[in-house]
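Enquirer: To be precise about what I am sending: the file is called start01.cif and holds mmCIF, C-alpha atoms.
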```cif
data_work
#
loop_
_atom_site.label_atom_id
_atom_site.label_comp_id
_atom_site.auth_asym_id
_atom_site.auth_seq_id
_atom_site.Cartn_x
_atom_site.Cartn_y
_atom_site.Cartn_z
CA MET D 1 17.86 -6.49 0.21
CA ASP D 2 20.42 -5.48 -2.44
CA ASP D 3 19.25 -1.87 -2.99
CA TYR D 4 21.34 -0.61 -0.09
CA ARG D 5 24.53 -1.17 -2.13
CA ALA D 6 23.25 1.08 -4.91
CA ILE D 7 22.61 3.80 -2.31
CA VAL D 8 26.12 3.29 -0.91
CA ASP D 9 27.61 3.62 -4.40
CA GLU D 10 25.63 6.83 -4.96
CA LEU D 11 26.86 8.37 -1.71
CA ALA D 12 30.41 7.22 -2.42
CA ALA D 13 30.23 8.99 -5.79
CA ASP D 14 28.98 12.16 -4.07
CA ILE D 15 31.94 12.04 -1.69
CA ALA D 16 34.41 11.44 -4.52
CA ALA D 17 32.96 14.33 -6.56
CA GLY D 18 32.97 16.72 -3.60
CA ARG D 19 29.19 17.04 -3.37
CA LEU D 20 29.59 15.63 0.12
CA ARG D 21 32.65 17.30 1.57
CA PRO D 22 35.05 16.18 4.31
CA GLY D 23 33.49 16.95 7.67
CA ASP D 24 29.90 17.04 6.37
CA ARG D 25 27.42 15.40 8.72
CA LEU D 26 25.06 12.82 7.26
CA LEU D 27 21.40 12.86 8.18
CA PRO D 28 20.36 11.05 11.34
CA LEU D 29 19.58 7.44 10.54
CA ARG D 30 15.79 7.62 10.89
CA ARG D 31 15.53 10.83 8.89
CA PHE D 32 17.74 9.34 6.17
CA ALA D 33 15.45 6.31 6.04
CA ARG D 34 12.33 8.50 5.75
CA ASN D 35 13.83 10.67 3.01
CA ARG D 36 14.90 7.61 1.02
CA ARG D 37 11.68 5.72 1.77
CA ILE D 38 13.61 2.71 2.95
CA ALA D 39 13.50 0.66 6.11
CA SER D 40 15.57 1.76 9.09
CA SER D 41 17.40 -1.57 8.94
CA THR D 42 18.37 -0.86 5.31
CA ALA D 43 19.56 2.63 6.23
CA ALA D 44 21.69 1.13 8.99
CA ARG D 45 23.31 -1.22 6.46
CA VAL D 46 24.08 1.78 4.22
CA TYR D 47 25.82 3.59 7.06
CA ARG D 48 27.74 0.48 8.11
CA GLU D 49 28.96 -0.09 4.55
CA LEU D 50 30.08 3.54 4.19
CA SER D 51 32.08 3.17 7.39
CA ARG D 52 33.53 -0.16 6.27
CA ARG D 53 34.74 1.44 3.03
CA GLY D 54 36.50 4.11 5.09
CA LEU D 55 34.32 6.93 3.75
CA THR D 56 32.64 7.98 6.99
CA VAL D 57 33.30 7.98 10.70
CA GLY D 58 30.76 7.80 13.51
CA GLU D 59 31.06 9.88 16.65
CA VAL D 60 28.99 8.78 19.67
CA GLY D 61 26.33 11.35 20.50
CA ARG D 62 27.14 13.51 17.46
CA GLY D 63 26.36 11.45 14.37
CA THR D 64 28.06 10.20 11.18
CA PHE D 65 30.50 12.41 9.28
CA VAL D 66 32.36 12.25 5.97
CA ARG D 67 36.00 11.57 6.78
CA THR D 68 38.20 14.65 6.80
CA ALA D 69 41.08 12.57 5.42
CA ALA D 70 41.33 9.25 3.66
CA PRO D 71 42.25 6.38 5.99
CA ALA D 72 45.82 5.14 5.70
CA ALA D 73 45.98 2.52 2.99
CA GLU D 74 48.60 0.61 1.10
CA PRO D 75 49.02 1.26 -2.64
CA ALA D 76 46.83 -0.95 -4.80
CA LEU D 77 49.78 -3.06 -5.89
CA ALA D 78 51.88 -2.93 -2.74
CA GLU D 79 52.82 -6.12 -0.96
CA PRO D 80 49.86 -6.68 1.37
CA GLY D 81 50.89 -6.30 5.00
CA GLY D 82 49.76 -9.11 7.26
CA ALA D 83 48.07 -11.21 4.60
CA ARG D 84 49.00 -14.87 4.88
CA ILE D 85 48.42 -15.54 1.18
CA ASP D 86 49.36 -12.97 -1.47
CA LEU D 87 47.16 -13.09 -4.58
CA GLU D 88 47.74 -9.38 -5.16
CA MET D 89 51.34 -9.34 -6.41
CA ASN D 90 53.07 -11.68 -8.86
CA PHE D 91 56.47 -12.77 -7.51
CA PRO D 92 57.32 -15.79 -9.67
CA VAL D 93 60.47 -17.28 -8.14
CA LEU D 94 60.51 -21.08 -8.41
CA PRO D 95 62.58 -23.48 -6.28
CA GLY D 96 66.11 -23.87 -7.61
CA HIS D 97 66.17 -20.58 -9.50
CA PRO D 98 68.30 -18.65 -6.96
CA ALA D 99 70.97 -21.35 -7.20
CA LEU D 100 70.95 -21.15 -11.00
CA LEU D 101 71.30 -17.38 -10.92
CA ALA D 102 74.08 -17.50 -8.33
CA LYS D 103 76.13 -20.02 -10.31
CA SER D 104 75.98 -17.79 -13.37
CA LEU D 105 77.41 -14.87 -11.38
CA GLU D 106 80.56 -16.62 -10.13
CA HIS D 107 82.68 -14.99 -12.83
CA LEU D 108 81.23 -11.53 -12.19
CA VAL D 109 82.36 -11.34 -8.56
CA ARG D 110 86.04 -11.80 -9.44
CA PRO D 111 87.88 -8.55 -8.63
CA ASP D 112 88.73 -7.70 -12.24
CA ALA D 113 85.21 -8.36 -13.55
CA LEU D 114 83.64 -6.57 -10.59
CA ALA D 115 85.85 -3.54 -11.15
CA ALA D 116 84.49 -3.22 -14.67
CA ALA D 117 80.90 -3.76 -13.48
CA LEU D 118 81.20 -0.92 -10.96
CA ARG D 119 82.01 1.68 -13.61
CA PRO D 120 79.30 4.04 -14.88
CA VAL D 121 77.49 3.34 -18.12
CA GLY D 122 74.95 5.26 -20.19
CA ALA D 123 71.42 4.38 -21.25
CA VAL D 124 72.75 2.64 -24.36
CA GLY D 125 74.67 0.10 -22.25
CA THR D 126 77.51 -1.73 -23.95
CA ALA D 127 77.78 -3.34 -27.36
CA VAL D 128 77.93 -6.79 -25.72
CA VAL D 129 74.76 -6.35 -23.67
CA ARG D 130 72.90 -4.89 -26.65
CA ARG D 131 73.75 -7.89 -28.82
CA THR D 132 72.99 -10.37 -26.05
CA ALA D 133 69.71 -8.73 -25.08
CA ALA D 134 68.55 -8.42 -28.69
CA ALA D 135 69.08 -12.15 -29.22
CA HIS D 136 67.31 -13.02 -25.97
CA LEU D 137 64.29 -10.77 -26.50
CA ALA D 138 63.66 -11.99 -30.04
CA ARG D 139 60.48 -13.98 -30.58
CA THR D 140 58.36 -15.37 -33.41
CA GLY D 141 58.35 -12.89 -36.28
CA TRP D 142 60.43 -10.22 -34.53
CA ALA D 143 64.04 -9.59 -33.58
CA PRO D 144 65.04 -6.22 -32.11
CA ASP D 145 67.89 -4.26 -33.68
CA PRO D 146 70.74 -4.09 -31.10
CA GLY D 147 71.38 -0.52 -32.16
CA ARG D 148 67.88 0.51 -31.05
CA LEU D 149 68.02 -1.03 -27.56
CA LEU D 150 68.17 1.11 -24.41
CA PHE D 151 68.24 0.12 -20.75
CA ALA D 152 66.37 1.35 -17.68
CA GLY D 153 66.65 0.42 -14.02
CA ASN D 154 63.40 -1.57 -14.25
CA GLY D 155 60.28 -1.99 -16.35
CA ARG D 156 58.38 0.80 -14.61
CA GLN D 157 61.19 3.23 -15.34
CA ALA D 158 61.22 2.08 -18.95
CA VAL D 159 57.50 2.89 -19.22
CA ALA D 160 58.07 6.28 -17.58
CA ALA D 161 60.87 7.12 -19.99
CA ALA D 162 58.75 6.12 -22.99
CA VAL D 163 55.86 8.30 -21.83
CA ALA D 164 58.20 11.22 -21.11
CA ALA D 165 59.79 10.96 -24.57
CA LEU D 166 56.52 10.71 -26.48
CA VAL D 167 53.95 12.76 -24.55
CA PRO D 168 54.68 16.35 -23.45
CA ALA D 169 53.15 17.60 -20.21
CA GLY D 170 49.51 18.53 -20.71
CA GLU D 171 49.06 16.24 -23.73
CA ARG D 172 46.97 13.06 -24.03
CA LEU D 173 48.03 9.41 -23.75
CA GLY D 174 45.54 6.73 -24.71
CA VAL D 175 45.33 3.68 -22.44
CA GLU D 176 43.08 0.66 -22.25
CA ALA D 177 40.09 1.37 -19.99
CA LEU D 178 41.52 -1.19 -17.57
CA THR D 179 45.28 -0.84 -17.38
CA TYR D 180 48.43 -1.40 -15.35
CA PRO D 181 47.96 0.88 -12.30
CA VAL D 182 51.53 2.18 -12.31
CA VAL D 183 50.80 3.96 -15.60
CA LYS D 184 48.25 6.13 -13.79
CA GLY D 185 50.88 7.25 -11.30
CA ILE D 186 53.46 7.88 -14.03
CA ALA D 187 51.00 10.03 -15.99
CA ALA D 188 50.11 12.06 -12.90
CA ARG D 189 53.77 12.77 -12.10
CA LEU D 190 54.54 13.77 -15.70
CA GLY D 191 51.43 15.93 -16.10
CA VAL D 192 50.02 13.70 -18.84
CA THR D 193 46.27 13.23 -19.33
CA LEU D 194 45.12 9.62 -19.64
CA VAL D 195 42.32 8.86 -22.09
CA PRO D 196 40.54 5.52 -21.44
CA LEU D 197 39.95 3.46 -24.59
CA ALA D 198 37.21 0.86 -24.99
CA MET D 199 38.06 -2.83 -25.16
CA ASP D 200 36.30 -5.99 -26.27
CA GLU D 201 37.07 -9.66 -25.74
CA HIS D 202 40.19 -9.29 -27.93
CA GLY D 203 41.57 -6.17 -26.23
CA LEU D 204 41.85 -2.56 -27.37
CA THR D 205 39.60 -1.80 -30.37
CA PRO D 206 40.82 0.19 -33.40
CA GLU D 207 37.54 2.13 -33.36
CA ALA D 208 38.24 3.36 -29.84
CA LEU D 209 41.66 4.60 -30.90
CA ARG D 210 40.19 6.53 -33.82
CA ALA D 211 37.38 7.99 -31.70
CA ALA D 212 39.82 9.29 -29.06
CA ALA D 213 42.03 11.22 -31.48
CA PRO D 214 44.00 13.41 -31.16
CA LEU D 215 46.44 11.48 -28.98
CA ARG D 216 50.20 11.78 -28.73
CA ALA D 217 50.66 8.05 -28.08
CA VAL D 218 48.87 4.95 -26.79
CA TYR D 219 50.00 2.53 -24.07
CA VAL D 220 48.84 -1.01 -24.84
CA GLN D 221 49.35 -4.57 -23.59
CA PRO D 222 48.68 -6.93 -26.51
CA ALA D 223 49.95 -10.09 -24.78
CA LEU D 224 48.56 -11.39 -21.45
CA HIS D 225 46.92 -8.09 -20.63
CA ASN D 226 47.19 -6.97 -17.00
CA PRO D 227 44.64 -7.27 -15.37
CA LEU D 228 42.36 -9.06 -17.86
CA GLY D 229 44.81 -11.78 -18.86
CA ILE D 230 43.58 -11.74 -22.47
CA THR D 231 45.84 -11.90 -25.52
CA MET D 232 45.17 -9.92 -28.67
CA PRO D 233 44.88 -12.07 -31.82
CA ASP D 234 47.21 -11.37 -34.72
CA ARG D 235 44.42 -9.89 -36.83
CA ARG D 236 43.67 -7.26 -34.19
CA ARG D 237 47.37 -6.37 -33.93
CA THR D 238 47.47 -5.89 -37.70
CA GLU D 239 44.44 -3.58 -37.51
CA LEU D 240 46.01 -1.55 -34.71
CA ALA D 241 49.26 -1.19 -36.63
CA ALA D 242 47.31 0.27 -39.55
CA VAL D 243 45.52 2.75 -37.26
CA LEU D 244 48.82 3.87 -35.72
CA ARG D 245 50.02 4.84 -39.19
CA GLU D 246 46.69 6.38 -40.08
CA LEU D 247 46.66 8.61 -37.00
CA ASP D 248 50.42 9.21 -37.02
CA ILE D 249 50.91 8.19 -33.37
CA HIS D 250 53.24 5.86 -31.49
CA ALA D 251 52.39 2.83 -29.36
CA ILE D 252 54.14 1.95 -26.11
CA GLU D 253 53.88 -1.85 -26.21
CA ASP D 254 54.19 -3.37 -22.74
CA ALA D 255 55.67 -6.83 -23.34
CA ILE D 256 56.72 -7.57 -19.76
CA TYR D 257 54.54 -10.70 -19.58
CA GLY D 258 55.13 -11.51 -23.25
CA PHE D 259 57.84 -14.10 -22.50
CA LEU D 260 55.03 -16.43 -21.39
CA ARG D 261 53.72 -16.38 -24.99
CA SER D 262 56.87 -16.19 -27.10
CA ASP D 263 54.95 -17.72 -30.02
CA LEU D 264 53.17 -14.41 -30.73
CA ARG D 265 54.27 -11.61 -33.01
CA PRO D 266 54.45 -8.33 -31.10
CA LEU D 267 52.86 -5.16 -32.41
CA ALA D 268 56.41 -3.97 -33.12
CA ALA D 269 56.75 -6.62 -35.83
CA LEU D 270 53.87 -4.96 -37.70
CA ALA D 271 54.65 -1.28 -37.09
CA PRO D 272 58.32 -1.04 -36.04
CA GLU D 273 58.52 2.65 -36.93
CA ARG D 274 55.55 3.37 -34.65
CA THR D 275 56.22 1.12 -31.66
CA VAL D 276 58.34 1.29 -28.51
CA VAL D 277 58.63 -2.14 -26.86
CA ILE D 278 59.01 -2.29 -23.08
CA ASP D 279 60.36 -5.42 -21.37
CA SER D 280 61.91 -6.30 -18.02
CA LEU D 281 63.75 -8.97 -16.06
CA SER D 282 61.50 -8.74 -12.98
CA LYS D 283 58.93 -11.27 -14.22
CA ARG D 284 61.33 -13.18 -16.46
CA LEU D 285 63.80 -13.88 -13.64
CA ALA D 286 62.88 -12.40 -10.23
CA PRO D 287 61.42 -9.17 -8.83
CA GLY D 288 64.67 -8.35 -7.05
CA LEU D 289 66.64 -8.52 -10.31
CA THR D 290 65.43 -5.39 -12.06
CA LEU D 291 66.47 -4.26 -15.51
CA GLY D 292 64.23 -2.60 -18.06
CA PHE D 293 64.54 -2.74 -21.85
CA LEU D 294 63.31 -0.28 -24.47
CA THR D 295 63.38 -1.10 -28.16
CA VAL D 296 62.75 2.22 -29.90
CA PRO D 297 61.97 3.21 -33.50
CA ALA D 298 64.82 3.87 -35.90
CA GLY D 299 66.28 7.34 -35.51
CA ALA D 300 64.72 7.90 -32.06
CA THR D 301 67.47 6.49 -29.85
CA GLN D 302 68.78 9.87 -28.76
CA ASP D 303 65.35 11.17 -27.71
CA PHE D 304 64.64 8.17 -25.51
CA ALA D 305 68.17 8.09 -24.09
CA THR D 306 67.72 11.73 -23.11
CA ALA D 307 64.45 10.87 -21.34
CA LEU D 308 66.19 8.07 -19.43
CA ARG D 309 69.02 10.33 -18.34
CA SER D 310 66.82 13.27 -17.37
CA GLY D 311 64.59 11.03 -15.26
CA THR D 312 67.61 9.26 -13.73
CA TRP D 313 66.04 6.04 -15.00
CA ALA D 314 69.08 4.52 -16.76
CA ALA D 315 70.32 1.07 -15.69
CA ALA D 316 73.39 0.45 -13.52
CA ARG D 317 76.43 -1.25 -15.05
CA PHE D 318 76.40 -4.15 -12.56
CA ALA D 319 72.79 -5.04 -13.50
CA LEU D 320 73.71 -4.92 -17.19
CA ASP D 321 76.72 -7.18 -16.72
CA ALA D 322 74.73 -9.64 -14.60
CA ALA D 323 71.95 -9.74 -17.17
CA THR D 324 74.48 -10.32 -19.93
CA ARG D 325 75.70 -13.42 -18.10
CA TRP D 326 72.20 -14.77 -17.46
CA MET D 327 71.00 -14.17 -21.01
CA GLY D 328 74.21 -15.27 -22.67
CA ASP D 329 74.76 -18.61 -20.93
CA GLY D 330 71.18 -19.89 -21.16
CA THR D 331 70.26 -19.36 -17.49
CA ALA D 332 67.52 -16.85 -18.30
CA ALA D 333 66.07 -19.04 -21.05
CA ALA D 334 65.91 -22.07 -18.75
CA ILE D 335 64.16 -20.11 -16.00
CA GLU D 336 61.66 -18.63 -18.43
CA GLU D 337 60.81 -22.05 -19.84
CA GLU D 338 60.09 -23.36 -16.33
CA LYS D 339 57.88 -20.35 -15.66
CA ARG D 340 55.86 -20.98 -18.80
CA SER D 341 55.09 -24.47 -17.53
CA ASP D 342 54.40 -23.17 -14.02
CA ALA D 343 51.98 -20.46 -15.21
CA ALA D 344 50.04 -22.97 -17.31
CA ALA D 345 49.82 -25.35 -14.33
CA ARG D 346 48.47 -22.57 -12.11
CA GLN D 347 45.84 -21.67 -14.68
CA ARG D 348 44.70 -25.31 -14.60
CA ILE D 349 44.30 -24.98 -10.82
CA VAL D 350 42.12 -21.90 -11.39
CA THR D 351 40.00 -23.77 -13.93
CA GLU D 352 39.45 -26.59 -11.45
CA ARG D 353 38.94 -24.63 -8.23
CA LEU D 354 36.85 -21.79 -9.67
CA ALA D 355 34.72 -23.92 -11.99
CA GLY D 356 31.33 -22.36 -12.58
CA PHE D 357 32.50 -18.77 -12.08
CA ARG D 358 33.18 -16.21 -14.80
CA ILE D 359 36.97 -16.27 -15.13
CA ARG D 360 38.94 -14.59 -17.93
CA ALA D 361 42.60 -15.38 -18.61
CA ASP D 362 45.09 -16.51 -21.20
CA PRO D 363 45.87 -20.17 -20.36
CA GLN D 364 49.55 -19.22 -19.94
CA ALA D 365 49.09 -16.05 -17.86
CA TYR D 366 50.21 -15.61 -14.26
CA HIS D 367 46.96 -13.82 -13.38
CA CYS D 368 43.25 -14.00 -14.05
CA TRP D 369 40.20 -11.72 -13.96
CA TRP D 370 37.20 -12.83 -11.90
CA GLU D 371 33.80 -11.29 -12.64
CA LEU D 372 32.12 -11.67 -9.27
CA PRO D 373 28.62 -13.10 -8.89
CA ASP D 374 25.76 -11.01 -7.51
CA PRO D 375 25.32 -9.69 -4.89
CA TRP D 376 29.05 -9.26 -4.32
CA ARG D 377 30.83 -5.94 -4.96
CA ALA D 378 34.57 -5.85 -5.61
CA ASP D 379 35.53 -3.81 -2.55
CA THR D 380 33.29 -5.90 -0.27
CA PHE D 381 34.81 -9.11 -1.62
CA VAL D 382 38.36 -7.80 -1.17
CA ALA D 383 37.60 -6.94 2.45
CA ALA D 384 36.01 -10.34 3.09
CA ALA D 385 39.01 -12.11 1.53
CA ALA D 386 41.41 -10.04 3.65
CA ARG D 387 39.61 -11.17 6.81
CA ARG D 388 40.54 -14.70 5.75
CA GLY D 389 44.17 -13.74 5.22
CA ILE D 390 44.01 -13.58 1.41
CA ALA D 391 45.00 -10.42 -0.50
CA VAL D 392 43.38 -9.80 -3.91
CA THR D 393 43.11 -6.63 -6.03
CA PRO D 394 39.80 -4.88 -6.81
CA SER D 395 38.94 -3.75 -10.32
CA GLY D 396 39.05 -0.09 -9.28
CA ALA D 397 42.84 -0.26 -9.02
CA PHE D 398 43.00 -0.75 -12.81
CA ALA D 399 40.16 1.50 -13.99
CA VAL D 400 40.92 4.76 -15.80
CA GLY D 401 38.51 7.68 -15.85
CA SER D 402 35.34 8.44 -13.94
CA GLY D 403 33.28 5.46 -15.10
CA ARG D 404 32.22 2.80 -12.65
CA ALA D 405 34.75 -0.01 -12.30
CA PRO D 406 33.58 -3.52 -13.21
CA ASN D 407 32.39 -5.79 -10.44
CA ALA D 408 35.54 -7.92 -10.56
CA VAL D 409 38.88 -8.69 -8.94
CA ARG D 410 42.27 -9.71 -10.27
CA LEU D 411 43.98 -12.76 -8.84
CA ALA D 412 47.79 -12.89 -9.11
CA LEU D 413 48.76 -16.56 -9.14
CA ALA D 414 52.55 -16.65 -8.99
CA SER D 415 53.53 -15.93 -5.39
CA PRO D 416 52.18 -18.83 -3.24
CA SER D 417 53.03 -22.47 -3.71
CA ALA D 418 50.68 -24.47 -5.92
CA ASP D 419 49.10 -26.21 -2.90
CA THR D 420 48.62 -22.91 -1.08
CA LEU D 421 47.10 -21.38 -4.21
CA ALA D 422 44.62 -24.23 -4.54
CA GLY D 423 43.59 -23.89 -0.90
CA ALA D 424 43.18 -20.12 -1.19
CA LEU D 425 41.01 -20.48 -4.29
CA ASP D 426 38.82 -22.97 -2.43
CA VAL D 427 38.32 -20.41 0.33
CA LEU D 428 37.50 -17.65 -2.18
CA ALA D 429 35.09 -19.90 -4.07
CA GLY D 430 33.24 -20.69 -0.85
CA LEU D 431 33.12 -17.00 -0.04
CA ALA D 432 31.70 -16.12 -3.47
CA ARG D 433 29.00 -18.75 -3.19
CA GLY D 434 27.72 -17.11 -0.01
CA ALA D 435 26.31 -13.66 0.66
CA PRO D 436 28.32 -10.59 1.73
CA GLU D 437 26.44 -10.32 5.01
CA ASP D 438 27.43 -13.89 5.86
CA SER D 439 31.11 -12.88 5.71
CA THR D 440 30.83 -9.84 7.96
CA PRO D 441 31.88 -10.36 11.56
CA GLU D 442 29.24 -9.51 14.17
#
```
Let me see whether you can do it: turn the structure in this file into structure tokens.

Expert:
Amino acid sequence: MDDYRAIVDELAADIAAGRLRPGDRLLPLRRFARNRRIASSTAARVYRELSRRGLTVGEVGRGTFVRTAAPAAEPALAEPGGARIDLEMNFPVLPGHPALLAKSLEHLVRPDALAAALRPVGAVGTAVVRRTAAAHLARTGWAPDPGRLLFAGNGRQAVAAAVAALVPAGERLGVEALTYPVVKGIAARLGVTLVPLAMDEHGLTPEALRAAAPLRAVYVQPALHNPLGITMPDRRRTELAAVLRELDIHAIEDAIYGFLRSDLRPLAALAPERTVVIDSLSKRLAPGLTLGFLTVPAGATQDFATALRSGTWAAARFALDAATRWMGDGTAAAIEEEKRSDAAARQRIVTERLAGFRIRADPQAYHCWWELPDPWRADTFVAAAARRGIAVTPSGAFAVGSGRAPNAVRLALASPSADTLAGALDVLAGLARGAPEDSTPE
């Protein structure tokens, strides 16, 4: 019987809203069943599912109580502890890449070069790194002005600085209804209110942006959206650019995965005076090589540099000098080209191994969105996958606002080997074809 999951969702919402408070005792099982007019066996399944989700705790001889504190849990995008196969985080480091990166740094570790790299540097970096980065970040229809480039310690810090510069505390930032989870944490720390904006199969809709006004800015991922994996067509970007001007607001364009689709014009090519472009080395090269880039509108460099300094988010000189070597000698471009081929190959594995399921992704993305079949729920599926040593991310990690999260999970494809990925997808496909109760240990 599937109705028990709807009852669980209702009780979970009551707990989240405070209608059922920490320490409250739930009705005895038989009385709960009578009140709900359901079978005792169904009521027992409701109570088991609440406990499995970590919402309640049973005490022998006393009953079932709402937890007084949330159980210890890892952040939604933290590296999953103990999981044999990580489909939660994207760590795209291919064989041979460390050697390429090391070779490029041989000059930098000479005493004279290292002495220069250990000196402090501001958010504007150096003239050399600005020119080199501008040339490297350029793509079809767009080339950043070196004079409008700034540098953060990583992509997350670049996003934080952009939000801090554009949205004062207490003001409203528009975001796609499903968005990069880190943005939620950044907004909370800066005292910014997030406003979820409706999406369709092409991404953020211009109508949603108009309906949500007034906003101070909007955070958007036009290329290889995380988590949905979709890419906004050029026509939609053109429409959004017009709405930005119409509403007199700025866009924070997250282009961190954009290197996988360098054939696309960014939103910044259509509304440069209204767009801040965020990029990073973490996905382009490796997660341990962090450097964030901000391309800001003309005349706004000082405001964003101030935000970087005040948040202590500016990049270190050694990272800038290393990045200059990698971008200038072709190492970064070679690695990125291999990753484009690798991401496309992994999407082909998804197409083959998850045939028949509802999968959404750009064919060159390093992740995909899986709309789970009935009667699966996202959190139940995540738990069942974890019991098989596979970590995946539930839709709730990406949802903004109080609406119910879609019944879906995101699969990050970059971390395991291709053979391991294929095997993990086979396991998940078999799981999805069964019933949740079949996956629960006795």

Enquirer: Please tell me which residues are no farther than 12 Å from (73.9, -21.1, -11.4) in the file, counting all atoms listed in the file, and write them as a PDB file with C-alpha atoms, keeping the file's coordinate frame.

Expert:
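The file below, point25.pdb, is the result:
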```pdb
ATOM      1  CA  GLY D  96      66.110 -23.870  -7.610  1.00  0.00           C
ATOM      2  CA  HIS D  97      66.170 -20.580  -9.500  1.00  0.00           C
ATOM      3  CA  PRO D  98      68.300 -18.650  -6.960  1.00  0.00           C
ATOM      4  CA  ALA D  99      70.970 -21.350  -7.200  1.00  0.00           C
ATOM      5  CA  LEU D 100      70.950 -21.150 -11.000  1.00  0.00           C
ATOM      6  CA  LEU D 101      71.300 -17.380 -10.920  1.00  0.00           C
ATOM      7  CA  ALA D 102      74.080 -17.500  -8.330  1.00  0.00           C
ATOM      8  CA  LYS D 103      76.130 -20.020 -10.310  1.00  0.00           C
ATOM      9  CA  SER D 104      75.980 -17.790 -13.370  1.00  0.00           C
ATOM     10  CA  LEU D 105      77.410 -14.870 -11.380  1.00  0.00           C
ATOM     11  CA  GLU D 106      80.560 -16.620 -10.130  1.00  0.00           C
ATOM     12  CA  HIS D 107      82.680 -14.990 -12.830  1.00  0.00           C
ATOM     13  CA  ALA D 322      74.730  -9.640 -14.600  1.00  0.00           C
ATOM     14  CA  ARG D 325      75.700 -13.420 -18.100  1.00  0.00           C
ATOM     15  CA  TRP D 326      72.200 -14.770 -17.460  1.00  0.00           C
ATOM     16  CA  ASP D 329      74.760 -18.610 -20.930  1.00  0.00           C
ATOM     17  CA  GLY D 330      71.180 -19.890 -21.160  1.00  0.00           C
ATOM     18  CA  THR D 331      70.260 -19.360 -17.490  1.00  0.00           C
ATOM     19  CA  ALA D 332      67.520 -16.850 -18.300  1.00  0.00           C
ATOM     20  CA  ALA D 334      65.910 -22.070 -18.750  1.00  0.00           C
ATOM     21  CA  ILE D 335      64.160 -20.110 -16.000  1.00  0.00           C
TER      22      ILE D 335
END
```

Enquirer: Can you turn the PyMOL selection byres ((chain D and resi 415) around 6) into a concrete residue list for this file, as a PyMOL selection string?

Expert: chain D and resi 90-92+414+416

Enquirer: Between D:Pro168, D:Gly258, D:Gly23, D:Gly155, which is the closest to D:Ala217 once you count all atoms listed in the file?

Expert: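 Closest to D:Ala217 of all the choices is D:Pro168.
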
Enquirer: Taking all atoms listed in the file into account, name the residue in D:Ser395, D:Thr306, D:Ser40, D:Thr193 that is nearest to D:Gly170.

Expert: D:Thr193

Enquirer: As a short mmCIF file (atom, residue, chain, number, x, y, z; two decimals) with C-alpha atoms, in the frame of the given file, please: the residues near D:Ala143 (cut-off 9 Å, all atoms listed in the file, same-chain neighbours under 6 positions excluded).

Expert:
```cif
data_model
loop_
_atom_site.label_atom_id
_atom_site.label_comp_id
_atom_site.auth_asym_id
_atom_site.auth_seq_id
_atom_site.Cartn_x
_atom_site.Cartn_y
_atom_site.Cartn_z
CA ALA D 134 68.55 -8.42 -28.69
CA ALA D 135 69.08 -12.15 -29.22
CA HIS D 136 67.31 -13.02 -25.97
CA LEU D 137 64.29 -10.77 -26.50
CA ALA D 269 56.75 -6.62 -35.83
#
```

Enquirer: Find the residues near D:Thr231: any atom within 6 Å, counting only C-alpha atoms, skip ones fewer than 4 places away on the same chain, and give them as a PyMOL selection string.

Expert: chain D and resi 222-224

Enquirer: Please identify all polymer residues within 9 Å of stretch 349-353 of chain D, counting all atoms listed in the file, omitting same-chain residues fewer than 4 positions from it, and present them as a PyMOL selection string.

Expert: chain D and resi 344-345+359+368+413+418+421-423+425-426+429

Enquirer: Between atom CA of D:Val276 and atom CA of D:His202, what is the distance in Å, rounded to a tenth?

Expert: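 Answer for the atom CA of D:Val276 to atom CA of D:His202 separation: 21.0 Å.
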
Enquirer: Could you tell me which residues the PyMOL selection byres ((chain D and resi 121-126) around 8) grabs in this file, written as a CSV table (one decimal) with C-alpha atoms, in the coordinates of the input?

Expert:
```csv
chain,number,residue,atom,x,y,z
D,119,ARG,CA,82.0,1.7,-13.6
D,120,PRO,CA,79.3,4.0,-14.9
D,127,ALA,CA,77.8,-3.3,-27.4
D,128,VAL,CA,77.9,-6.8,-25.7
D,129,VAL,CA,74.8,-6.4,-23.7
D,130,ARG,CA,72.9,-4.9,-26.6
D,149,LEU,CA,68.0,-1.0,-27.6
D,150,LEU,CA,68.2,1.1,-24.4
D,151,PHE,CA,68.2,0.1,-20.8
D,152,ALA,CA,66.4,1.4,-17.7
D,305,ALA,CA,68.2,8.1,-24.1
D,308,LEU,CA,66.2,8.1,-19.4
D,309,ARG,CA,69.0,10.3,-18.3
D,314,ALA,CA,69.1,4.5,-16.8
D,315,ALA,CA,70.3,1.1,-15.7
D,316,ALA,CA,73.4,0.4,-13.5
D,317,ARG,CA,76.4,-1.2,-15.0
D,320,LEU,CA,73.7,-4.9,-17.2
```

Enquirer: Starting from the shown file, work through the PyMOL selection byres ((chain D and resi 303) around 10) and note down what comes out as a PyMOL selection string.

Expert: chain D and resi 161-162+164-166+296+299-302+304-308

Enquirer: Any chance you could work out the axis-aligned box around stretch 151-161 of chain D, listed atoms only, 8 Å on each side, giving centre and edge lengths in Å to one decimal, as lines of an AutoDock Vina configuration file?

Expert:
```
center_x = 62.9
center_y = 2.6
center_z = -17.4
size_x = 26.7
size_y = 25.1
size_z = 22.7
```

Enquirer: Of the residues D:Arg346, D:Asp279, D:Ala361, D:Phe381, which is the one nearest to D:Asp419, using only C-alpha atoms?

Expert: D:Arg346

Enquirer: Under the rule that all atoms listed in the file are counted, which of D:Ala397, D:Ala12, D:Ala39, D:Ala133 is the nearest residue to D:Asp321?

Expert: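 Counting all atoms listed in the file, the residue closest to D:Asp321 is D:Ala133.
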